[in-house]
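Written below as structure tokens is the structure these notes are about.
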Protein chains: 2
Amino acid sequence: MNVELINTGSELMLGRTLNTHQQWLCRQLAGLGLVVTRQVAVNDTADTIASITREALGRATLVITTGGLGPTSDDRTREAIAALLGRKLRLDESVLRHIEHYFAARQRVMAESTKVQAMVPEGATVLQNGFGTAPGLVLEISPANPASPRQLLVMLPGPPRELRPMFADQVAPILRQTYPLETALVCRTLKTTGLGESLVEQKIAPSLEPLVQAGLELGYCARIGEVDVHLAARGQQARQRVAEAEQITRTLLGELVFGVDDDTLEAVLVRRLTERKQTLATAESCTGGLIANRITNVPGASVVFWGGLVTYANAAKEKFLDVPAATLAEHGAVSKSVARAMAEGARRRCGTDYALAVTGIAGPSGGTTAKPVGTVFIALATPREIIVKRFLNPFDRETFKWVTSQQALDLLRKNLTR
Amino acid sequence: MNVELINTGSELMLGRTLNTHQQWLCRQLAGLGLVVTRQVAVNDTADTIASITREALGRATLVITTGGLGPTSDDRTREAIAALLGRKLRLDESVLRHIEHYFAARQRVMAESTKVQAMVPEGATVLQNGFGTAPGLVLEISPANPASPRQLLVMLPGPPRELRPMFADQVAPILRQTYPLETALVCRTLKTTGLGESLVEQKIAPSLEPLVQAGLELGYCARIGEVDVHLAARGQQARQRVAEAEQITRTLLGELVFGVDDDTLEAVLVRRLTERKQTLATAESCTGGLIANRITNVPGASVVFWGGLVTYANAAKEKFLDVPAATLAEHGAVSKSVARAMAEGARRRCGTDYALAVTGIAGPSGGTTAKPVGTVFIALATPREIIVKRFLNPFDRETFKWVTSQQALDLLRKNLTR
């Protein structure tokens, strides 16, 4: 069965926007046993959208489009596809009420043009938009051959925060029902941090080889500061095979594995601290608030996270963390002694069980021979001790911050398992 | 002139890898006046690569492929395209020496299979790979019509750190020479915040209509808390037309426009504060460090950013910002009075010219009828006054944090223009 994905938008063709829909949707669809056979991005003129959709419907059983459902004049998908399929557009009162309510709830003025989003092609199933105004649409195309599987065209809005829940909550159930899996695909992702992709592979691939020979799908995905190990199998023994592979991987990688599937390091940390009824404070120099930001992205973080100090200036390290001026003068702000004093000061001032502190040189300037750009000291104050580690993360500024936050969160995670 | 981009790889179709090539290459090509008309991602089997390349060559003057040039069994592009075009593969001695040297310099053993990367199709121009082993290839396809522009097929390796320098240093010069710009494409993006996409359009589209009729390309891109207005034109009067459109847009949108092209709100702020030799501190509750994180993403932020307090717990607001316990008890942590006290306390404690403070309910829980989830108070303390604004941002947790950080940064930006 062919599955095609069409992403529209001139911002894609001009390289102004990164197309994150491809990865996200391909991954979701693969999880439903529907592997995308072709993904296309094109400009958002009505002619182009119509012709690319006609092409795709000529090949694929399932076609999904993204973008072009909004209210502005460059949102052409709804009209172009309705015209292509000869379906009339009619005003859907319930969609219109949803849009009016959306604006009213936010005390915002609704432009007249907004109403175009309530126009729905004949015979379409409307997908409610819980996070915006443009509804998604599902059209069933009459199959040429009644014996073949039903052909669906799904139109999704462009903004990821609208598209993702709409797909997960409304489209996935339709697809599961329309294209039931003959044999279930069993997937498991193990999330690791602390080792590069090829070293992870070197550690586990030889031991997993017999399972791969027996049909296990083994894949790796390297992210910044993380490597995902994907395990998947189909058929009768799928569940058993994936479980066996997980067991082998966990034994070989040990505490490098921090979670599964959609776990994040910060969510794992908040969960562990909550279970242990313990609290955390942060003291950040070079990461500039990123660690606190990641922790507070987790719902329920307020139970364990007391607060954080972003002490960018040296005077801030003295004032809010009691780092002695003499220590700063003698060792420099980026030093083991200052990291230690920051963690100690944060734990004492905030009265928490743990405090994480980081100080380093994010760059692009500020490096020296002894402490090049990318040098970072990470300290963890616990009820028993203060641990300080030195790392070298010679990356661009934002990557440096991310990798450093990952190392800091991981230092605490490993401590919490003991 | 049609330009097509083909990305190959099963990891793309399974959603295991984010396709960053599309954005990067589309942007580079647009800068050369070569706007990509179609981008396709497909699996990396030889049959698929051959058929998708045949299709593309039937439409486009320039076709670029990425991936499939490496040494492993799933690298099929070189062979598939040589077979499609009936070009023999022959061993290129200089490429082989480069590969042997690459391994020798790294004291690594070279697998026999590596040599396949030195096989070059007849008539191909070899692109040296400065960061890996697989060379890129440029093939000139005989044009059916000698009067039409030369048709090129460019094959690039998959790893971004190999592809990017190869394109910039070797492919771009070839393209500049082969397809000289007759008339430059002039582009300008105006970055706005504070109004939704359809209201932005409503404000500017009618006045820009005469220019659109005369060939101005006008587009919108809605991001979270931002709307980009894209202006572009070609031909003799392109520069003048885009300048005129920018002038009209700026007049109509006024201070909603915060920057151009790749500007971010935080970079604009850091720039303005640097020019004014002024300093900033932040006091964040519900945004949890995101505002400080965004500011410290900007190189040079340390000149203007003194530090930030992430006062998640009420006790943290008292301890680090001197928010009176009575104010917290009487009005609640999410209130105008507390926001004001936070900004005032941060400015005084940190000794900065400005302090930004936010307190709100990120959700998913914690809302009441009077203060539903999404309620936020943002305060700005300046040398002259304290401004407090109330917003309602009823979104998921991360979107709430982003929109709130955007509103806070924008409150300061607008103040700095006065």
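Identifiers in this document derive from the order of the structure tokens: chains are assigned A, B, ..., residues are numbered from 1 separately in each chain, and ligands are numbered from 1 in order of occurrence.
Backbone DSSP assigns strand (DSSP E) in segment 269-309 of chain B to Leu280, Ala281, Thr282, Ala283, Glu284, Phe305, Trp306, Gly307, Gly308 and Leu309 of chain B.
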Can you list every residue of segment 287-375 of chain B that has an atom at most 12 Å from segment 265-285 of chain A, with its nearest atom pair and the distance in Å to one decimal, using only C-alpha atoms, ordered by chain then number, as CSV?
residue,atom,partner,partner_atom,distance
B:Gly288,CA,A:Thr282,CA,11.1
B:Gly289,CA,A:Glu284,CA,10.1
B:Ala292,CA,A:Glu284,CA,10.3
B:Asn293,CA,A:Glu284,CA,10.1
B:Thr296,CA,A:Ser285,CA,9.5
B:Ala301,CA,A:Ser285,CA,11.9
B:Ser302,CA,A:Ser285,CA,10.0
B:Phe305,CA,A:Ser285,CA,11.2
B:Trp306,CA,A:Ser285,CA,10.4
B:Gly307,CA,A:Ser285,CA,8.5
B:Gly308,CA,A:Glu284,CA,9.4
B:Leu309,CA,A:Ala283,CA,9.6
B:Val310,CA,A:Thr282,CA,8.9
B:Thr311,CA,A:Ala281,CA,10.0
B:Tyr312,CA,A:Ala281,CA,9.8
B:Ala313,CA,A:Ala281,CA,10.5
B:Ala316,CA,A:Ala281,CA,10.3
Go ahead and save the picked residues with C-alpha atoms, as a short mmCIF file (atom, residue, chain, number, x, y, z; two decimals), in the first residue's frame.
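As a result, part-v1.cif now contains:
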data_model
loop_
_atom_site.label_atom_id
_atom_site.label_comp_id
_atom_site.auth_asym_id
_atom_site.auth_seq_id
_atom_site.Cartn_x
_atom_site.Cartn_y
_atom_site.Cartn_z
CA GLY B 288 10.69 28.95 34.36
CA GLY B 289 13.88 30.41 32.89
CA ALA B 292 16.73 34.21 30.45
CA ASN B 293 17.51 31.25 28.19
CA THR B 296 21.53 34.20 26.69
CA ALA B 301 24.32 38.93 25.88
CA SER B 302 26.64 39.06 28.89
CA PHE B 305 22.19 40.66 30.92
CA TRP B 306 23.12 40.68 34.59
CA GLY B 307 21.18 37.65 35.71
CA GLY B 308 17.79 36.13 36.33
CA LEU B 309 15.79 34.67 39.17
CA VAL B 310 13.57 31.69 38.49
CA THR B 311 11.32 32.01 41.52
CA TYR B 312 9.05 29.02 41.15
CA ALA B 313 8.15 28.56 44.82
CA ALA B 316 11.73 31.96 46.40
#
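Superposing chain A onto chain B by least squares over all C-alpha atoms, paired in sequence order, gives an RMSD of 3.8 Å.
Once Thr53 of chain A and its same-chain neighbours fewer than 5 positions away are set aside, Ile6, Thr48, Gly58, Val63, Thr65, Ile81 and Leu84 of chain A remain within 9 Å of it when counting only C-alpha atoms.
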Quick one: residues within 7 Å of segment 321-328 of chain B, only C-alpha atoms counted, chain neighbours fewer than 4 positions away excluded, as an MDAnalysis selection string? chainID B and resid 317 332:333 337:338 341:342 345:346
Only C-alpha atoms, please: the residues just picked out, written as a short mmCIF file (atom, residue, chain, number, x, y, z; two decimals), in the first residue's frame.
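Writing the result to out_23.cif gives the following:
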data_model
loop_
_atom_site.label_atom_id
_atom_site.label_comp_id
_atom_site.auth_asym_id
_atom_site.auth_seq_id
_atom_site.Cartn_x
_atom_site.Cartn_y
_atom_site.Cartn_z
CA LYS B 317 9.77 35.09 45.48
CA GLY B 332 -2.12 35.17 45.25
CA ALA B 333 1.13 34.44 43.41
CA SER B 337 0.58 43.10 42.73
CA VAL B 338 3.00 40.17 42.81
CA ALA B 341 6.70 43.44 43.37
CA MET B 342 8.78 40.87 41.47
CA GLY B 345 12.54 43.55 43.63
CA ALA B 346 14.58 42.21 40.72
#
Restricting to only C-alpha atoms, whichever of B:Ile248, B:Ile295, B:Val126, B:Ala370 is closest to chain A is B:Ile295
